[in-house]
file final_0.cif (mmCIF, C-alpha atoms)
data_input
#
loop_
_atom_site.label_atom_id
_atom_site.label_comp_id
_atom_site.auth_asym_id
_atom_site.auth_seq_id
_atom_site.Cartn_x
_atom_site.Cartn_y
_atom_site.Cartn_z
CA MET N 1 -15.02 -12.26 -37.26
CA GLN N 2 -17.17 -14.65 -39.23
CA ALA N 3 -20.22 -16.09 -37.61
CA ALA N 4 -19.93 -19.87 -37.85
CA PHE N 5 -23.41 -20.96 -36.91
CA GLN N 6 -23.95 -24.66 -36.37
CA LYS N 7 -27.42 -25.12 -37.72
CA ALA N 8 -27.75 -28.74 -36.73
CA THR N 9 -26.91 -27.92 -33.12
CA ILE N 10 -29.31 -24.98 -33.08
CA ALA N 11 -32.12 -27.14 -34.46
CA ALA N 12 -31.39 -29.94 -31.99
CA GLU N 13 -31.14 -27.78 -28.88
CA THR N 14 -33.88 -25.22 -29.42
CA PHE N 15 -37.49 -25.03 -30.56
CA VAL N 16 -36.45 -23.63 -33.95
CA ARG N 17 -37.77 -25.74 -36.85
CA GLN N 18 -36.26 -23.96 -39.83
CA ILE N 19 -33.16 -21.81 -40.29
CA ARG N 20 -32.29 -19.37 -43.04
CA GLN N 21 -28.89 -17.75 -43.05
CA HIS N 22 -27.94 -14.70 -45.09
CA GLU N 23 -24.43 -13.43 -45.62
CA SER N 24 -25.59 -9.87 -45.71
CA VAL N 25 -29.07 -8.41 -45.31
CA ASP N 26 -30.33 -4.92 -44.64
CA SER N 27 -32.20 -6.20 -41.60
CA THR N 28 -33.05 -9.70 -40.44
CA ASN N 29 -36.53 -8.47 -39.55
CA ASN N 30 -37.07 -7.34 -43.14
CA ALA N 31 -35.85 -10.71 -44.42
CA ALA N 32 -38.09 -12.50 -41.92
CA LEU N 33 -41.12 -10.39 -42.84
CA ALA N 34 -40.45 -11.10 -46.51
CA SER N 35 -40.40 -14.83 -45.74
CA CYS N 36 -43.80 -14.49 -44.10
CA GLN N 37 -45.15 -12.77 -47.21
CA THR N 38 -43.83 -15.09 -49.85
CA ASP N 39 -43.94 -18.61 -48.50
CA ARG N 40 -44.93 -20.72 -45.57
CA PRO N 41 -41.82 -21.54 -43.59
CA GLN N 42 -41.91 -23.98 -40.74
CA LEU N 43 -42.19 -22.07 -37.52
CA PRO N 44 -40.40 -21.06 -35.44
CA LEU N 45 -38.18 -19.84 -38.25
CA LEU N 46 -34.76 -18.44 -37.43
CA VAL N 47 -33.34 -15.84 -39.79
CA LEU N 48 -29.63 -15.26 -39.27
CA ALA N 49 -27.32 -12.66 -40.70
CA THR N 50 -23.58 -12.87 -40.82
CA ARG N 51 -23.68 -9.17 -41.44
CA GLN N 52 -26.58 -6.80 -41.07
CA THR N 53 -26.16 -3.57 -42.96
CA ALA N 54 -29.13 -1.56 -41.76
CA GLY N 55 -30.58 -3.05 -38.61
CA ARG N 56 -33.66 -1.19 -37.58
CA GLY N 57 -33.84 -0.04 -34.03
CA ARG N 58 -36.42 2.21 -32.56
CA GLY N 59 -37.37 4.72 -35.26
CA SER N 60 -34.26 6.18 -36.78
CA ASN N 61 -32.11 4.91 -33.95
CA ALA N 62 -30.37 2.30 -36.07
CA TRP N 63 -28.62 -0.54 -34.35
CA TRP N 64 -24.85 -0.27 -34.21
CA SER N 65 -23.88 -3.34 -36.10
CA THR N 66 -20.58 -4.74 -37.19
CA HIS N 67 -18.75 -8.03 -37.41
CA GLY N 68 -18.95 -9.88 -34.13
CA ALA N 69 -22.47 -8.75 -33.28
CA LEU N 70 -25.22 -11.34 -33.14
CA THR N 71 -28.21 -10.30 -35.21
CA PHE N 72 -31.15 -12.55 -35.85
CA SER N 73 -34.91 -12.67 -36.11
CA LEU N 74 -37.24 -15.35 -34.91
CA VAL N 75 -40.61 -15.83 -36.57
CA ILE N 76 -43.21 -17.42 -34.35
CA GLN N 77 -46.90 -18.10 -34.40
CA PRO N 78 -47.92 -16.50 -31.11
CA ALA N 79 -51.16 -18.48 -31.02
CA ASP N 80 -49.12 -21.71 -30.89
CA LEU N 81 -47.70 -20.52 -27.57
CA GLY N 82 -51.07 -19.35 -26.28
CA ILE N 83 -50.17 -15.69 -26.77
CA ASP N 84 -53.44 -13.95 -27.59
CA PRO N 85 -53.52 -10.62 -29.44
CA HIS N 86 -53.95 -8.51 -26.32
CA LEU N 87 -50.68 -9.99 -25.05
CA TRP N 88 -48.70 -9.29 -28.23
CA PRO N 89 -47.17 -6.05 -26.97
CA GLN N 90 -45.92 -7.87 -23.91
CA ALA N 91 -43.88 -10.10 -26.21
CA SER N 92 -41.55 -7.14 -26.49
CA LEU N 93 -40.78 -7.06 -22.77
CA THR N 94 -40.80 -10.83 -22.56
CA SER N 95 -38.22 -11.14 -25.33
CA GLY N 96 -36.08 -8.54 -23.59
CA LEU N 97 -36.37 -10.56 -20.41
CA ALA N 98 -35.28 -13.68 -22.30
CA VAL N 99 -32.14 -11.89 -23.50
CA CYS N 100 -31.47 -10.71 -19.94
CA CYS N 101 -31.72 -14.27 -18.61
CA ALA N 102 -29.43 -15.62 -21.33
CA VAL N 103 -26.85 -12.88 -20.81
CA ASP N 104 -27.04 -13.54 -17.05
CA GLU N 105 -25.51 -16.94 -17.66
CA LEU N 106 -22.57 -15.30 -19.42
CA LEU N 107 -22.10 -12.41 -16.99
CA PRO N 108 -22.71 -13.90 -13.55
CA HIS N 109 -21.11 -10.95 -11.76
CA ASP N 110 -23.07 -8.21 -13.49
CA GLN N 111 -26.62 -6.96 -13.23
CA VAL N 112 -28.39 -7.39 -16.55
CA LEU N 113 -31.33 -4.99 -16.72
CA LEU N 114 -34.31 -4.37 -18.95
CA LYS N 115 -34.86 -0.84 -20.12
CA TRP N 116 -38.54 -0.48 -20.94
CA PRO N 117 -39.75 -1.49 -23.37
CA ASN N 118 -37.16 -3.38 -25.38
CA ASP N 119 -33.50 -2.79 -24.56
CA VAL N 120 -31.04 -4.71 -22.42
CA TYR N 121 -28.45 -2.86 -20.37
CA VAL N 122 -25.25 -3.84 -18.59
CA ARG N 123 -23.18 -1.33 -16.63
CA ASN N 124 -25.47 1.50 -17.75
CA ARG N 125 -24.80 0.77 -21.39
CA LYS N 126 -26.98 -0.89 -23.98
CA VAL N 127 -25.83 -4.38 -24.87
CA ALA N 128 -28.85 -5.66 -26.78
CA GLY N 129 -32.06 -4.48 -28.40
CA VAL N 130 -35.31 -6.12 -29.36
CA LEU N 131 -37.74 -5.12 -32.10
CA VAL N 132 -41.03 -7.01 -32.34
CA GLU N 133 -43.03 -6.66 -35.56
CA LEU N 134 -46.16 -8.38 -36.72
CA GLY N 135 -46.30 -10.29 -39.97
CA PRO N 136 -49.20 -10.22 -42.40
CA ARG N 137 -52.40 -10.30 -40.41
CA ALA N 138 -53.75 -13.22 -42.36
CA ASN N 139 -51.11 -15.61 -41.07
CA GLY N 140 -50.84 -14.21 -37.54
CA THR N 141 -47.06 -14.37 -37.36
CA MET N 142 -44.79 -12.34 -35.14
CA VAL N 143 -41.18 -11.42 -35.90
CA ILE N 144 -38.86 -10.94 -32.95
CA GLY N 145 -35.68 -9.19 -34.03
CA ILE N 146 -32.75 -9.26 -31.65
CA GLY N 147 -29.35 -7.63 -31.86
CA VAL N 148 -26.69 -8.39 -29.25
CA ASN N 149 -23.27 -6.83 -29.05
CA VAL N 150 -21.20 -9.94 -28.47
CA ASN N 151 -17.71 -9.69 -29.95
CA ASN N 152 -18.00 -6.30 -31.58
CA THR N 153 -15.95 -4.21 -29.22
CA TRP N 154 -17.26 -0.72 -28.79
CA GLN N 155 -13.78 0.72 -28.65
CA ASN N 156 -14.16 1.10 -32.40
CA ALA N 157 -17.64 2.58 -32.28
CA PRO N 158 -18.25 6.24 -33.06
CA ALA N 159 -17.33 8.38 -30.06
CA GLU N 160 -20.88 9.45 -29.29
CA LEU N 161 -21.98 5.82 -29.18
CA GLN N 162 -19.20 4.59 -26.89
CA GLU N 163 -20.93 6.28 -23.97
CA ILE N 164 -24.19 4.44 -24.53
CA GLY N 165 -23.24 0.99 -25.81
CA THR N 166 -21.05 -1.92 -24.84
CA SER N 167 -20.48 -5.53 -25.85
CA LEU N 168 -20.21 -8.80 -23.98
CA GLN N 169 -16.56 -8.95 -25.04
CA ASP N 170 -15.93 -5.50 -23.58
CA VAL N 171 -17.46 -6.64 -20.27
CA THR N 172 -15.87 -10.09 -20.01
CA GLY N 173 -12.54 -9.28 -21.65
CA GLN N 174 -12.81 -12.29 -23.93
CA SER N 175 -14.54 -13.26 -27.13
CA LEU N 176 -17.54 -15.52 -26.92
CA CYS N 177 -18.97 -18.20 -29.19
CA LEU N 178 -21.85 -16.63 -31.12
CA ASN N 179 -23.46 -20.02 -31.58
CA GLN N 180 -23.61 -20.58 -27.83
CA VAL N 181 -24.98 -17.11 -27.16
CA LEU N 182 -27.62 -17.66 -29.83
CA ILE N 183 -28.69 -21.02 -28.41
CA ALA N 184 -28.87 -19.60 -24.88
CA ILE N 185 -31.15 -16.78 -26.09
CA LEU N 186 -33.36 -19.07 -28.18
CA ARG N 187 -33.86 -21.40 -25.24
CA GLN N 188 -34.78 -18.49 -23.02
CA LEU N 189 -37.14 -17.12 -25.67
CA GLU N 190 -39.01 -20.41 -25.73
CA ARG N 191 -39.13 -20.49 -21.94
CA GLN N 192 -40.20 -16.90 -21.37
CA LEU N 193 -42.68 -16.69 -24.26
CA THR N 194 -44.27 -19.90 -23.00
CA ARG N 195 -44.64 -18.24 -19.60
CA LEU N 196 -46.36 -15.31 -21.31
CA GLY N 197 -48.73 -17.65 -23.14
CA HIS N 198 -49.51 -19.40 -19.87
CA ARG N 199 -50.12 -16.03 -18.20
CA ASP N 200 -47.49 -16.75 -15.58
CA GLU N 201 -48.15 -14.16 -12.89
CA GLN N 202 -44.50 -14.16 -11.87
CA LEU N 203 -43.49 -12.78 -15.26
CA ALA N 204 -44.45 -9.27 -14.17
CA ALA N 205 -42.34 -9.66 -11.05
CA ASP N 206 -39.38 -10.54 -13.26
CA TRP N 207 -39.88 -7.42 -15.42
CA GLN N 208 -40.10 -5.37 -12.29
CA ARG N 209 -36.98 -6.91 -10.78
CA ARG N 210 -35.06 -6.21 -13.97
CA CYS N 211 -36.40 -2.70 -14.59
CA ALA N 212 -33.43 -0.44 -15.29
CA LEU N 213 -35.51 2.69 -14.80
CA ALA N 214 -37.17 1.88 -11.45
CA GLY N 215 -36.26 4.45 -8.83
CA LYS N 216 -34.96 6.92 -11.39
CA ASN N 217 -36.45 10.11 -12.68
CA VAL N 218 -37.58 9.54 -16.23
CA GLN N 219 -38.61 11.84 -19.03
CA ILE N 220 -40.83 10.16 -21.61
CA VAL N 221 -41.79 11.75 -24.91
CA SER N 222 -44.83 10.95 -26.93
CA GLN N 223 -46.94 12.83 -29.43
CA GLY N 224 -44.55 15.72 -28.88
CA ARG N 225 -45.44 15.84 -25.18
CA HIS N 226 -42.81 15.48 -22.48
CA THR N 227 -43.75 13.91 -19.17
CA THR N 228 -41.36 13.64 -16.26
CA GLY N 229 -41.82 11.51 -13.19
CA ALA N 230 -40.26 9.10 -10.75
CA CYS N 231 -40.32 5.63 -12.27
CA GLN N 232 -42.16 3.06 -10.17
CA GLY N 233 -41.25 0.20 -12.46
CA ILE N 234 -43.32 -1.85 -14.91
CA ASP N 235 -46.80 -3.08 -14.06
CA ALA N 236 -48.42 -6.42 -14.78
CA ASP N 237 -49.69 -5.23 -18.16
CA GLY N 238 -46.23 -4.08 -19.18
CA ALA N 239 -46.88 -0.36 -18.73
CA LEU N 240 -44.13 1.93 -17.49
CA LEU N 241 -45.28 3.61 -14.28
CA LEU N 242 -44.33 7.21 -13.60
CA GLN N 243 -45.24 9.11 -10.47
CA THR N 244 -45.95 12.58 -11.82
CA ALA N 245 -47.15 15.78 -10.23
CA ASP N 246 -50.67 14.76 -11.34
CA GLY N 247 -50.55 11.24 -9.96
CA LEU N 248 -49.36 7.87 -11.13
CA ALA N 249 -49.47 7.54 -14.91
CA ARG N 250 -49.18 4.40 -16.98
CA PHE N 251 -47.40 4.51 -20.30
CA PHE N 252 -47.86 1.90 -22.98
CA SER N 253 -46.21 4.01 -25.65
CA GLY N 254 -43.51 6.60 -25.86
CA VAL N 255 -39.78 7.00 -25.95
CA VAL N 256 -37.72 7.38 -22.82
CA ALA N 257 -35.74 10.51 -23.64
CA LYS N 258 -33.60 10.54 -20.54
CA SER N 259 -33.31 9.16 -17.04
CA TRP N 260 -31.28 10.23 -14.05
CA MET U 1 -45.46 7.48 -30.40
CA GLY U 2 -48.47 8.30 -28.29
CA ASP U 3 -48.47 7.95 -24.59
CA SER U 4 -51.18 6.25 -22.66
CA PRO U 5 -51.31 7.56 -19.16
CA SER U 6 -54.62 6.65 -17.57
CA VAL U 7 -55.26 10.21 -16.57
CA ASP U 8 -57.79 12.72 -17.87
CA VAL U 9 -59.62 10.07 -19.85
CA PHE U 10 -63.03 11.47 -19.10
CA ASP U 11 -62.20 15.11 -19.29
CA LEU U 12 -64.77 17.66 -20.32
CA LYS U 13 -63.48 17.92 -23.87
CA LYS U 14 -63.97 14.22 -24.40
CA ILE U 15 -67.38 14.13 -22.76
CA ARG U 16 -68.44 17.03 -24.95
CA ARG U 17 -67.20 15.13 -27.98
CA LEU U 18 -69.16 12.04 -26.90
CA VAL U 19 -72.30 14.13 -26.47
CA GLU U 20 -71.81 15.59 -29.92
CA LEU U 21 -71.39 12.12 -31.37
CA MET U 22 -74.58 10.98 -29.71
CA LYS U 23 -76.51 13.90 -31.13
CA GLU U 24 -74.86 13.57 -34.51
CA HIS U 25 -75.79 9.92 -34.82
CA ASP U 26 -78.99 10.02 -32.83
CA LEU U 27 -77.74 7.62 -30.20
CA ASN U 28 -79.79 7.29 -27.06
CA GLU U 29 -77.22 5.68 -24.85
CA MET U 30 -73.47 5.29 -24.64
CA ASP U 31 -71.71 3.15 -22.07
CA LEU U 32 -67.93 3.23 -21.98
CA GLU U 33 -65.51 1.44 -19.74
CA GLN U 34 -61.82 2.10 -19.48
CA GLY U 35 -59.83 0.33 -16.85
CA GLU U 36 -61.70 0.90 -13.65
CA GLN U 37 -63.49 3.94 -14.98
CA ARG U 38 -66.89 3.89 -16.56
CA ILE U 39 -69.19 6.49 -17.96
CA ARG U 40 -72.76 6.10 -19.14
CA LEU U 41 -74.44 8.79 -21.17
CA ARG U 42 -78.18 8.66 -21.75
CA ARG U 43 -80.26 10.98 -23.82
CA ALA U 44 -83.76 11.84 -22.77
CA GLY U 45 -86.45 12.35 -25.42
CA SER U 46 -85.75 16.05 -25.54
CA GLY U 47 -82.19 15.43 -26.55
CA GLN U 48 -80.89 16.25 -23.10
CA VAL U 49 -77.88 14.17 -22.15
CA VAL U 50 -77.49 12.75 -18.66
CA ALA U 51 -74.04 11.62 -17.59
CA ASN U 52 -73.45 9.02 -14.90
CA THR U 53 -69.86 8.57 -13.99
CA LEU U 54 -69.13 5.73 -11.63
CA PRO U 55 -67.05 6.59 -8.58
CA ALA U 56 -63.91 8.03 -10.06
CA PRO U 57 -61.14 5.69 -9.09
CA ALA U 58 -57.70 7.00 -8.41
CA VAL U 59 -56.12 7.70 -11.75
CA SER U 60 -53.18 5.77 -10.47
CA ALA U 61 -55.00 2.47 -10.22
CA PRO U 62 -53.54 0.09 -12.75
CA ALA U 63 -56.26 -1.33 -14.94
CA PRO U 64 -57.12 -4.95 -14.31
CA ALA U 65 -56.14 -7.51 -16.88
CA PRO U 66 -58.76 -8.19 -19.52
CA PRO U 67 -61.25 -10.67 -18.10
CA THR U 68 -61.07 -12.94 -21.10
CA PRO U 69 -58.62 -13.46 -23.92
CA ALA U 70 -59.22 -10.95 -26.66
CA ALA U 71 -60.46 -11.86 -30.05
CA ALA U 72 -58.72 -10.01 -32.82
CA ALA U 73 -61.19 -7.15 -32.60
CA PRO U 74 -64.28 -7.90 -30.61
CA ALA U 75 -67.34 -6.21 -32.03
CA ALA U 76 -70.42 -5.65 -29.97
CA ALA U 77 -73.93 -5.06 -31.18
CA ALA U 78 -75.29 -1.67 -30.31
CA ASP U 79 -78.82 -1.20 -29.05
CA ASP U 80 -80.55 -0.72 -32.37
CA GLY U 81 -79.40 -4.06 -33.77
CA ARG U 82 -78.21 -2.47 -37.02
CA THR U 83 -74.94 -1.13 -35.73
CA VAL U 84 -71.95 -2.67 -34.06
CA LEU U 85 -69.10 -1.16 -32.10
CA ILE U 86 -65.61 -2.18 -33.08
CA LYS U 87 -63.65 -2.35 -29.86
CA SER U 88 -59.94 -2.21 -29.22
CA PRO U 89 -58.47 -5.68 -28.82
CA MET U 90 -55.63 -4.32 -26.71
CA VAL U 91 -54.47 -1.40 -24.64
CA GLY U 92 -52.24 1.11 -26.37
CA THR U 93 -52.22 4.16 -28.59
CA PHE U 94 -54.73 4.57 -31.41
CA TYR U 95 -53.41 5.53 -34.83
CA ALA U 96 -55.89 6.32 -37.56
CA ALA U 97 -53.28 6.14 -40.33
CA PRO U 98 -50.23 4.03 -41.13
CA SER U 99 -47.94 7.06 -40.84
CA PRO U 100 -48.31 10.73 -39.85
CA GLU U 101 -48.30 11.80 -43.50
CA ALA U 102 -50.73 9.15 -44.74
CA ALA U 103 -54.49 9.34 -45.05
CA SER U 104 -56.63 7.63 -42.43
CA TYR U 105 -57.36 3.97 -43.03
CA VAL U 106 -61.08 4.72 -42.89
CA LYS U 107 -63.39 7.67 -42.38
CA VAL U 108 -67.08 8.15 -41.70
CA GLY U 109 -69.06 6.99 -44.71
CA ASP U 110 -66.53 4.38 -45.84
CA HIS U 111 -67.67 0.85 -46.42
CA VAL U 112 -65.57 -1.84 -44.74
CA GLY U 113 -65.34 -5.59 -44.91
CA PRO U 114 -64.12 -8.04 -42.26
CA ASP U 115 -60.52 -7.82 -43.49
CA THR U 116 -60.39 -4.07 -43.91
CA THR U 117 -57.68 -2.51 -41.75
CA ILE U 118 -59.34 0.28 -39.81
CA CYS U 119 -56.54 1.51 -37.54
CA ILE U 120 -53.38 0.63 -35.67
CA VAL U 121 -53.12 0.17 -31.93
CA GLU U 122 -49.55 0.38 -30.70
CA ALA U 123 -48.07 -0.56 -27.36
CA MET U 124 -44.46 -1.19 -26.42
CA LYS U 125 -43.41 -0.57 -30.02
CA VAL U 126 -45.65 -3.35 -31.31
CA PHE U 127 -47.87 -1.92 -34.05
CA ASN U 128 -51.00 -3.99 -34.47
CA GLU U 129 -53.19 -3.43 -37.52
CA ILE U 130 -56.78 -3.87 -36.45
CA PRO U 131 -59.27 -5.42 -38.89
CA ALA U 132 -62.94 -4.41 -38.95
CA GLU U 133 -64.09 -8.03 -38.54
CA THR U 134 -67.52 -6.92 -39.67
CA SER U 135 -69.10 -5.48 -42.81
CA GLY U 136 -70.90 -2.20 -43.18
CA LYS U 137 -70.52 1.54 -43.22
CA ILE U 138 -68.49 3.51 -40.71
CA VAL U 139 -70.89 5.91 -39.02
CA ALA U 140 -68.68 7.19 -36.23
CA VAL U 141 -65.01 7.30 -35.29
CA LEU U 142 -65.06 7.39 -31.52
CA VAL U 143 -61.41 8.18 -30.78
CA GLU U 144 -58.86 10.59 -32.16
CA ASN U 145 -55.47 9.91 -33.65
CA GLY U 146 -52.90 9.51 -30.87
CA ASP U 147 -55.48 8.85 -28.15
CA PRO U 148 -54.67 6.24 -25.50
CA VAL U 149 -57.18 3.40 -25.68
CA GLU U 150 -58.01 0.66 -23.24
CA TYR U 151 -58.87 -2.94 -23.86
CA GLY U 152 -62.45 -3.19 -25.09
CA GLN U 153 -62.85 0.53 -25.68
CA PRO U 154 -65.15 1.28 -28.65
CA LEU U 155 -63.20 2.69 -31.57
CA PHE U 156 -65.71 2.75 -34.43
CA LYS U 157 -69.42 2.46 -34.92
CA VAL U 158 -70.44 0.51 -37.99
CA ASP U 159 -73.88 0.35 -39.59
CA THR U 160 -74.15 -3.25 -40.73
CA SER U 161 -77.46 -2.79 -42.55
CA VAL U 162 -75.89 -1.08 -45.55
#
call {"tool": "encode", "arguments": {"input": "final_0.cif", "output": "structure tokens"}}
result
Amino acid sequence: MQAAFQKATIAAETFVRQIRQHESVDSTNNAALASCQTDRPQLPLLVLATRQTAGRGRGSNAWWSTHGALTFSLVIQPADLGIDPHLWPQASLTSGLAVCCAVDELLPHDQVLLKWPNDVYVRNRKVAGVLVELGPRANGTMVIGIGVNVNNTWQNAPAELQEIGTSLQDVTGQSLCLNQVLIAILRQLERQLTRLGHRDEQLAADWQRRCALAGKNVQIVSQGRHTTGACQGIDADGALLLQTADGLARFFSGVVAKSW
Amino acid sequence: MGDSPSVDVFDLKKIRRLVELMKEHDLNEMDLEQGEQRIRLRRAGSGQVVANTLPAPAVSAPAPAPPTPAAAAPAAAADDGRTVLIKSPMVGTFYAAPSPEAASYVKVGDHVGPDTTICIVEAMKVFNEIPAETSGKIVAVLVENGDPVEYGQPLFKVDTSV
């Protein structure tokens, strides 16, 4: 399926000021970061890919990408939204929340949850991922990369991935307009990132309400150390809270290895 | 990626390391805050170190939000006027090098300028390169690679007179 993005509509209905579309890129984040290095695009800049060949997920956990998936990166100037450096990490959760809210509109009968720190889950399967990277320090830009499984049915995915991923088409039983999904997410990104910049105290309540891990036992791995505990949700600073044998621990880093 | 549980921050190993740093660099006083925890180390004339730890809060207590918006890397003048502390602009995990295989951005004895990248602090997969924002010579690295760091925690001591 070809992605027929309507740039004029996107520009009119969202806060995006410039759009660059690539037929095929290794990763929209890489293309966006390159744009930050080489020129001064108008921000927010939207970098779209009809096809992404090597989307970068968390570490080596590459994003399952094929025709019908929505992959894009948004370059923003966090300072323009009032997002100070100490809040930058929270842009990860906030962007995930924005995707949740946008997907909510499309899946009114399903719970759309946020798996700390940057994945979106429906029916216990990953439907979207977020990867926030910082541009060159001198220009203070932030690149928010988002991949959403929209019309790329996971029936064709490798067997080991079918258990962990799904698409909006698989959930709804029908194909969706990528342009509409994109606009819904962009509008939510503007809304939620603005809340972050304004230090909206309810934002943390929204992370907590959406936390896919709350109430589950979670094993988190970092620096080669495994820690297991009962997840108490996400706190106001964005930390994952685990009740361990040694007390309540806050995690700002680490990979959730498993939950049950 | 490093984890950042707010437990065992002021364990004996770290206090011992702080004491060593004080002796090594002839510091008379060190005052560190992390979340709701605070430790003040003072050295008497004989070189003896006295530790005052404020009432140890429950390790579970979530740290309060930073009181003021962070500058990119707030530096604070140390007591002697010649040195400044480069503090962490955010909570997260401290990385001394861009990758596990790479050399540290800076080491003791290196000269830095305001734009010199001195470390990375990572949280929620966001890797933030921290600039020195001051000029001088690194005289102490106060945290170790992979350590959890809090907002405002001193990371480096820089002698600005050289």
call {"tool": "closest_residue", "arguments": {"input": "final_0.cif", "among": "N:Leu182, N:Leu97, N:Ala128, N:Val25", "to": "Val148 in chain N", "atoms": "all atoms listed in the file"}}
result
N:Ala128
call {"tool": "interface_residues", "arguments": {"input": "final_0.cif", "of": "chain N", "to": "chain U", "cutoff": "10 Å", "atoms": "all atoms listed in the file", "output": "VMD selection string"}}
result
chain N and resid 58 to 59 82 to 93 116 to 118 130 to 138 142 220 to 227 235 to 243 246 to 255
call {"tool": "atom_distance", "arguments": {"input": "final_0.cif", "atom1": "CA of Thr141 in chain N", "atom2": "CA of Ala97 in chain U"}}
result
21.6 Å
call {"tool": "resolve_selection", "arguments": {"input": "final_0.cif", "expression": "the PyMOL selection byres ((chain U and resi 108) around 9)", "output": "PyMOL selection string"}}
result
chain U and resi 106-107+109-111+137-141
call {"tool": "atom_distance", "arguments": {"input": "final_0.cif", "atom1": "CA of Leu45 in chain N", "atom2": "CA of Gln18 in chain N"}}
result
4.8 Å
call {"tool": "atom_distance", "arguments": {"input": "final_0.cif", "atom1": "CA of Ala132 in chain U", "atom2": "CA of Glu101 in chain U"}}
result
22.3 Å
call {"tool": "resolve_selection", "arguments": {"input": "final_0.cif", "expression": "the PyMOL selection byres ((chain N and resi 181) around 12)", "output": "PyMOL selection string"}}
result
chain N and resi 3+5-6+10+68-72+98-107+146-151+168-169+175-180+182-188
call {"tool": "resolve_selection", "arguments": {"input": "final_0.cif", "expression": "the PyMOL selection byres ((chain N and resi 229) around 8)", "output": "VMD selection string"}}
result
chain N and resid 217 to 219 227 to 228 230 to 231 242 to 245
call {"tool": "residues_near_point", "arguments": {"input": "final_0.cif", "point": "(-44.7, -19.7, -38.9)", "cutoff": "8 Å", "atoms": "only C-alpha atoms", "output": "NGL selection string"}}
result
:N and (36 or 40-45 or 75-77 or 139 or 141)
call {"tool": "write_last_selection", "arguments": {"input": "final_0.cif", "atoms": "C-alpha atoms", "output": "short mmCIF file (atom, residue, chain, number, x, y, z; two decimals), in the frame of the given file"}}
result
data_model
loop_
_atom_site.label_atom_id
_atom_site.label_comp_id
_atom_site.auth_asym_id
_atom_site.auth_seq_id
_atom_site.Cartn_x
_atom_site.Cartn_y
_atom_site.Cartn_z
CA CYS N 36 -43.80 -14.49 -44.10
CA ARG N 40 -44.93 -20.72 -45.57
CA PRO N 41 -41.82 -21.54 -43.59
CA GLN N 42 -41.91 -23.98 -40.74
CA LEU N 43 -42.19 -22.07 -37.52
CA PRO N 44 -40.40 -21.06 -35.44
CA LEU N 45 -38.18 -19.84 -38.25
CA VAL N 75 -40.61 -15.83 -36.57
CA ILE N 76 -43.21 -17.42 -34.35
CA GLN N 77 -46.90 -18.10 -34.40
CA ASN N 139 -51.11 -15.61 -41.07
CA THR N 141 -47.06 -14.37 -37.36
#
